Amino acid sequence: MKKIIIIIILIILIILIGAGGYFILNSPVAYHDGIYTASTSGAFGDTKITLEIKDGKILKCDLEAVDKEGNIKNENYGRDSGEKNFQIAQTALAGIKKYPELLIEVQDVEKVDAISGATVSHREFVRLVQEALKKSREAVK
């Protein structure tokens with residue numbers, strides 16, 4: 001009889017531990033309010049992400065991209081490198097500009113899909129957002 005009770009208690013403990021782990025892994029991540037940045041330098045220039053977190057949500061996402069010469073990437077980005085490269089650069093820039101809006105909409109960088117023509121920038125965007133969010137999670141309040 002004691003063995004049956006011990007086995008039942010062990011089964012109940014295993015179920016409770018498993019359920020607790022499930023809820024811990026699937027609970028929303030707590031972000032601390034504030035402004036957090038991350039930046040990188042690459043072959044096509046520098047990129048900086050600034051996130052504003054309020055009430056644990058991403059309220060604002062700014063992306064600043066400059067070319068190798070330090071010029072803000074705008075409608076002239078890539079113009080000096082030939083028509084084909086200019087079109088490629090402008091397609092990438094159009095995609096890059098959409099990533100912050102998508103992030104605010106879905107609130108999860110892993111759910112921001114890559115846009116055709118801006119996939120390298122997408123990987124960079126995801127990495128920078130993850131870095132800024134890590135700073136938010138680790139912030140002491």
# chains A, B, ... in the order shown; residues from 1 in each chain; ligands from 1
call {"tool": "residues_around", "arguments": {"residues": "region 104-112 of chain A", "least_positions_apart": "4", "cutoff": "7 Å", "atoms": "only C-alpha atoms", "output": "CSV table (one decimal) with N, CA and C atoms, in the first residue's frame"}}
result
chain,number,residue,atom,x,y,z
A,58,ILE,N,7.1,46.7,-26.7
A,58,ILE,CA,7.9,47.5,-27.6
A,58,ILE,C,7.0,48.6,-28.1
A,59,LEU,N,7.2,49.8,-27.6
A,59,LEU,CA,6.4,51.0,-28.0
A,59,LEU,C,6.9,51.6,-29.3
A,60,LYS,N,8.3,51.6,-29.4
A,60,LYS,CA,8.9,52.4,-30.5
A,60,LYS,C,10.1,51.6,-31.0
A,100,PRO,N,11.0,47.8,-38.5
A,100,PRO,CA,10.5,48.4,-37.3
A,100,PRO,C,9.0,48.4,-37.1
A,126,VAL,N,17.3,41.4,-36.7
A,126,VAL,CA,16.9,40.4,-35.7
A,126,VAL,C,18.0,40.4,-34.6
A,129,VAL,N,17.9,43.6,-32.5
A,129,VAL,CA,16.7,43.7,-31.6
A,129,VAL,C,16.9,42.8,-30.5
call {"tool": "select_by_dssp", "arguments": {"residues": "region 9-126 of chain A", "states": "strand (DSSP E or B)", "output": "count of residues only"}}
result
30
call {"tool": "atom_distance", "arguments": {"atom1": "CA of Asp67 (chain A)", "atom2": "CA of Ile53 (chain A)"}}
result
27.6 Å
call {"tool": "residues_around", "arguments": {"residues": "Ile49 (chain A)", "least_positions_apart": "5", "cutoff": "8 Å", "atoms": "only C-alpha atoms", "output": "PyMOL selection string"}}
result
chain A and resi 37-39+61-64+125+128-129+132
call {"tool": "closest_residue", "arguments": {"among": "A:Gly70, A:Gly45, A:Gly117, A:Gly34", "to": "Ile88 (chain A)", "atoms": "only C-alpha atoms"}}
result
A:Gly117
call {"tool": "decode", "arguments": {"residues": "region 44-126 of chain A", "atoms": "C-alpha atoms", "output": "PDB file, in the first residue's frame"}}
result
ATOM      1  CA  PHE A  44      27.437  48.148 -46.277  1.00  0.00           C
ATOM      2  CA  GLY A  45      27.746  50.619 -43.386  1.00  0.00           C
ATOM      3  CA  ASP A  46      26.545  50.989 -39.809  1.00  0.00           C
ATOM      4  CA  THR A  47      23.163  50.133 -38.329  1.00  0.00           C
ATOM      5  CA  LYS A  48      21.729  51.182 -34.985  1.00  0.00           C
ATOM      6  CA  ILE A  49      18.489  50.021 -33.379  1.00  0.00           C
ATOM      7  CA  THR A  50      16.802  51.994 -30.605  1.00  0.00           C
ATOM      8  CA  LEU A  51      13.888  50.367 -28.779  1.00  0.00           C
ATOM      9  CA  GLU A  52      11.551  52.105 -26.380  1.00  0.00           C
ATOM     10  CA  ILE A  53       9.917  49.706 -23.942  1.00  0.00           C
ATOM     11  CA  LYS A  54       6.857  50.753 -21.920  1.00  0.00           C
ATOM     12  CA  ASP A  55       4.731  48.499 -19.746  1.00  0.00           C
ATOM     13  CA  GLY A  56       6.772  45.537 -20.969  1.00  0.00           C
ATOM     14  CA  LYS A  57       5.933  46.146 -24.645  1.00  0.00           C
ATOM     15  CA  ILE A  58       7.908  47.514 -27.566  1.00  0.00           C
ATOM     16  CA  LEU A  59       6.414  50.955 -27.993  1.00  0.00           C
ATOM     17  CA  LYS A  60       8.860  52.352 -30.545  1.00  0.00           C
ATOM     18  CA  CYS A  61      11.616  51.002 -32.777  1.00  0.00           C
ATOM     19  CA  ASP A  62      13.977  53.310 -34.625  1.00  0.00           C
ATOM     20  CA  LEU A  63      16.447  52.001 -37.163  1.00  0.00           C
ATOM     21  CA  GLU A  64      19.298  54.221 -38.299  1.00  0.00           C
ATOM     22  CA  ALA A  65      21.329  53.022 -41.258  1.00  0.00           C
ATOM     23  CA  VAL A  66      24.320  54.833 -42.743  1.00  0.00           C
ATOM     24  CA  ASP A  67      26.542  53.838 -45.635  1.00  0.00           C
ATOM     25  CA  LYS A  68      30.320  53.321 -45.501  1.00  0.00           C
ATOM     26  CA  GLU A  69      30.883  57.065 -45.923  1.00  0.00           C
ATOM     27  CA  GLY A  70      28.555  57.913 -43.008  1.00  0.00           C
ATOM     28  CA  ASN A  71      25.660  59.144 -45.174  1.00  0.00           C
ATOM     29  CA  ILE A  72      22.127  58.252 -44.072  1.00  0.00           C
ATOM     30  CA  LYS A  73      20.718  55.586 -46.363  1.00  0.00           C
ATOM     31  CA  ASN A  74      17.942  57.352 -48.260  1.00  0.00           C
ATOM     32  CA  GLU A  75      16.566  57.650 -51.797  1.00  0.00           C
ATOM     33  CA  ASN A  76      20.123  58.281 -53.043  1.00  0.00           C
ATOM     34  CA  TYR A  77      21.640  55.203 -51.406  1.00  0.00           C
ATOM     35  CA  GLY A  78      23.551  53.191 -54.036  1.00  0.00           C
ATOM     36  CA  ARG A  79      23.124  55.786 -56.788  1.00  0.00           C
ATOM     37  CA  ASP A  80      26.881  56.017 -57.420  1.00  0.00           C
ATOM     38  CA  SER A  81      27.321  52.278 -57.996  1.00  0.00           C
ATOM     39  CA  GLY A  82      25.477  51.801 -61.267  1.00  0.00           C
ATOM     40  CA  GLU A  83      21.790  51.433 -62.105  1.00  0.00           C
ATOM     41  CA  LYS A  84      21.538  47.717 -61.265  1.00  0.00           C
ATOM     42  CA  ASN A  85      23.247  48.121 -57.880  1.00  0.00           C
ATOM     43  CA  PHE A  86      21.185  51.243 -57.209  1.00  0.00           C
ATOM     44  CA  GLN A  87      17.963  49.259 -57.712  1.00  0.00           C
ATOM     45  CA  ILE A  88      19.227  46.466 -55.447  1.00  0.00           C
ATOM     46  CA  ALA A  89      20.196  48.992 -52.759  1.00  0.00           C
ATOM     47  CA  GLN A  90      16.829  50.735 -52.960  1.00  0.00           C
ATOM     48  CA  THR A  91      14.929  47.432 -52.748  1.00  0.00           C
ATOM     49  CA  ALA A  92      16.915  46.505 -49.647  1.00  0.00           C
ATOM     50  CA  LEU A  93      16.321  49.948 -48.143  1.00  0.00           C
ATOM     51  CA  ALA A  94      12.563  49.680 -48.707  1.00  0.00           C
ATOM     52  CA  GLY A  95      12.557  46.369 -46.834  1.00  0.00           C
ATOM     53  CA  ILE A  96      14.730  47.673 -44.017  1.00  0.00           C
ATOM     54  CA  LYS A  97      12.296  50.523 -43.388  1.00  0.00           C
ATOM     55  CA  LYS A  98       9.412  48.065 -42.867  1.00  0.00           C
ATOM     56  CA  TYR A  99      11.088  45.946 -40.180  1.00  0.00           C
ATOM     57  CA  PRO A 100      10.539  48.381 -37.255  1.00  0.00           C
ATOM     58  CA  GLU A 101       6.815  48.709 -38.064  1.00  0.00           C
ATOM     59  CA  LEU A 102       6.438  44.942 -38.270  1.00  0.00           C
ATOM     60  CA  LEU A 103       8.218  44.487 -34.942  1.00  0.00           C
ATOM     61  CA  ILE A 104       5.881  46.895 -33.164  1.00  0.00           C
ATOM     62  CA  GLU A 105       2.891  45.142 -34.723  1.00  0.00           C
ATOM     63  CA  VAL A 106       3.853  41.564 -33.747  1.00  0.00           C
ATOM     64  CA  GLN A 107       5.920  42.353 -30.588  1.00  0.00           C
ATOM     65  CA  ASP A 108       8.222  39.392 -31.292  1.00  0.00           C
ATOM     66  CA  VAL A 109      11.313  39.721 -33.482  1.00  0.00           C
ATOM     67  CA  GLU A 110      11.123  36.011 -34.349  1.00  0.00           C
ATOM     68  CA  LYS A 111       7.753  36.696 -36.018  1.00  0.00           C
ATOM     69  CA  VAL A 112       9.114  39.475 -38.256  1.00  0.00           C
ATOM     70  CA  ASP A 113       9.426  37.796 -41.637  1.00  0.00           C
ATOM     71  CA  ALA A 114      12.266  38.634 -43.997  1.00  0.00           C
ATOM     72  CA  ILE A 115      11.354  40.808 -46.956  1.00  0.00           C
ATOM     73  CA  SER A 116      12.648  39.810 -50.365  1.00  0.00           C
ATOM     74  CA  GLY A 117      15.683  41.893 -51.240  1.00  0.00           C
ATOM     75  CA  ALA A 118      16.429  42.696 -47.591  1.00  0.00           C
ATOM     76  CA  THR A 119      17.272  39.303 -46.115  1.00  0.00           C
ATOM     77  CA  VAL A 120      20.812  40.157 -45.014  1.00  0.00           C
ATOM     78  CA  SER A 121      19.419  43.264 -43.339  1.00  0.00           C
ATOM     79  CA  HIS A 122      16.735  41.095 -41.722  1.00  0.00           C
ATOM     80  CA  ARG A 123      19.341  38.913 -40.034  1.00  0.00           C
ATOM     81  CA  GLU A 124      21.136  42.027 -38.807  1.00  0.00           C
ATOM     82  CA  PHE A 125      17.842  43.561 -37.612  1.00  0.00           C
ATOM     83  CA  VAL A 126      16.884  40.410 -35.685  1.00  0.00           C
TER      84      VAL A 126
END
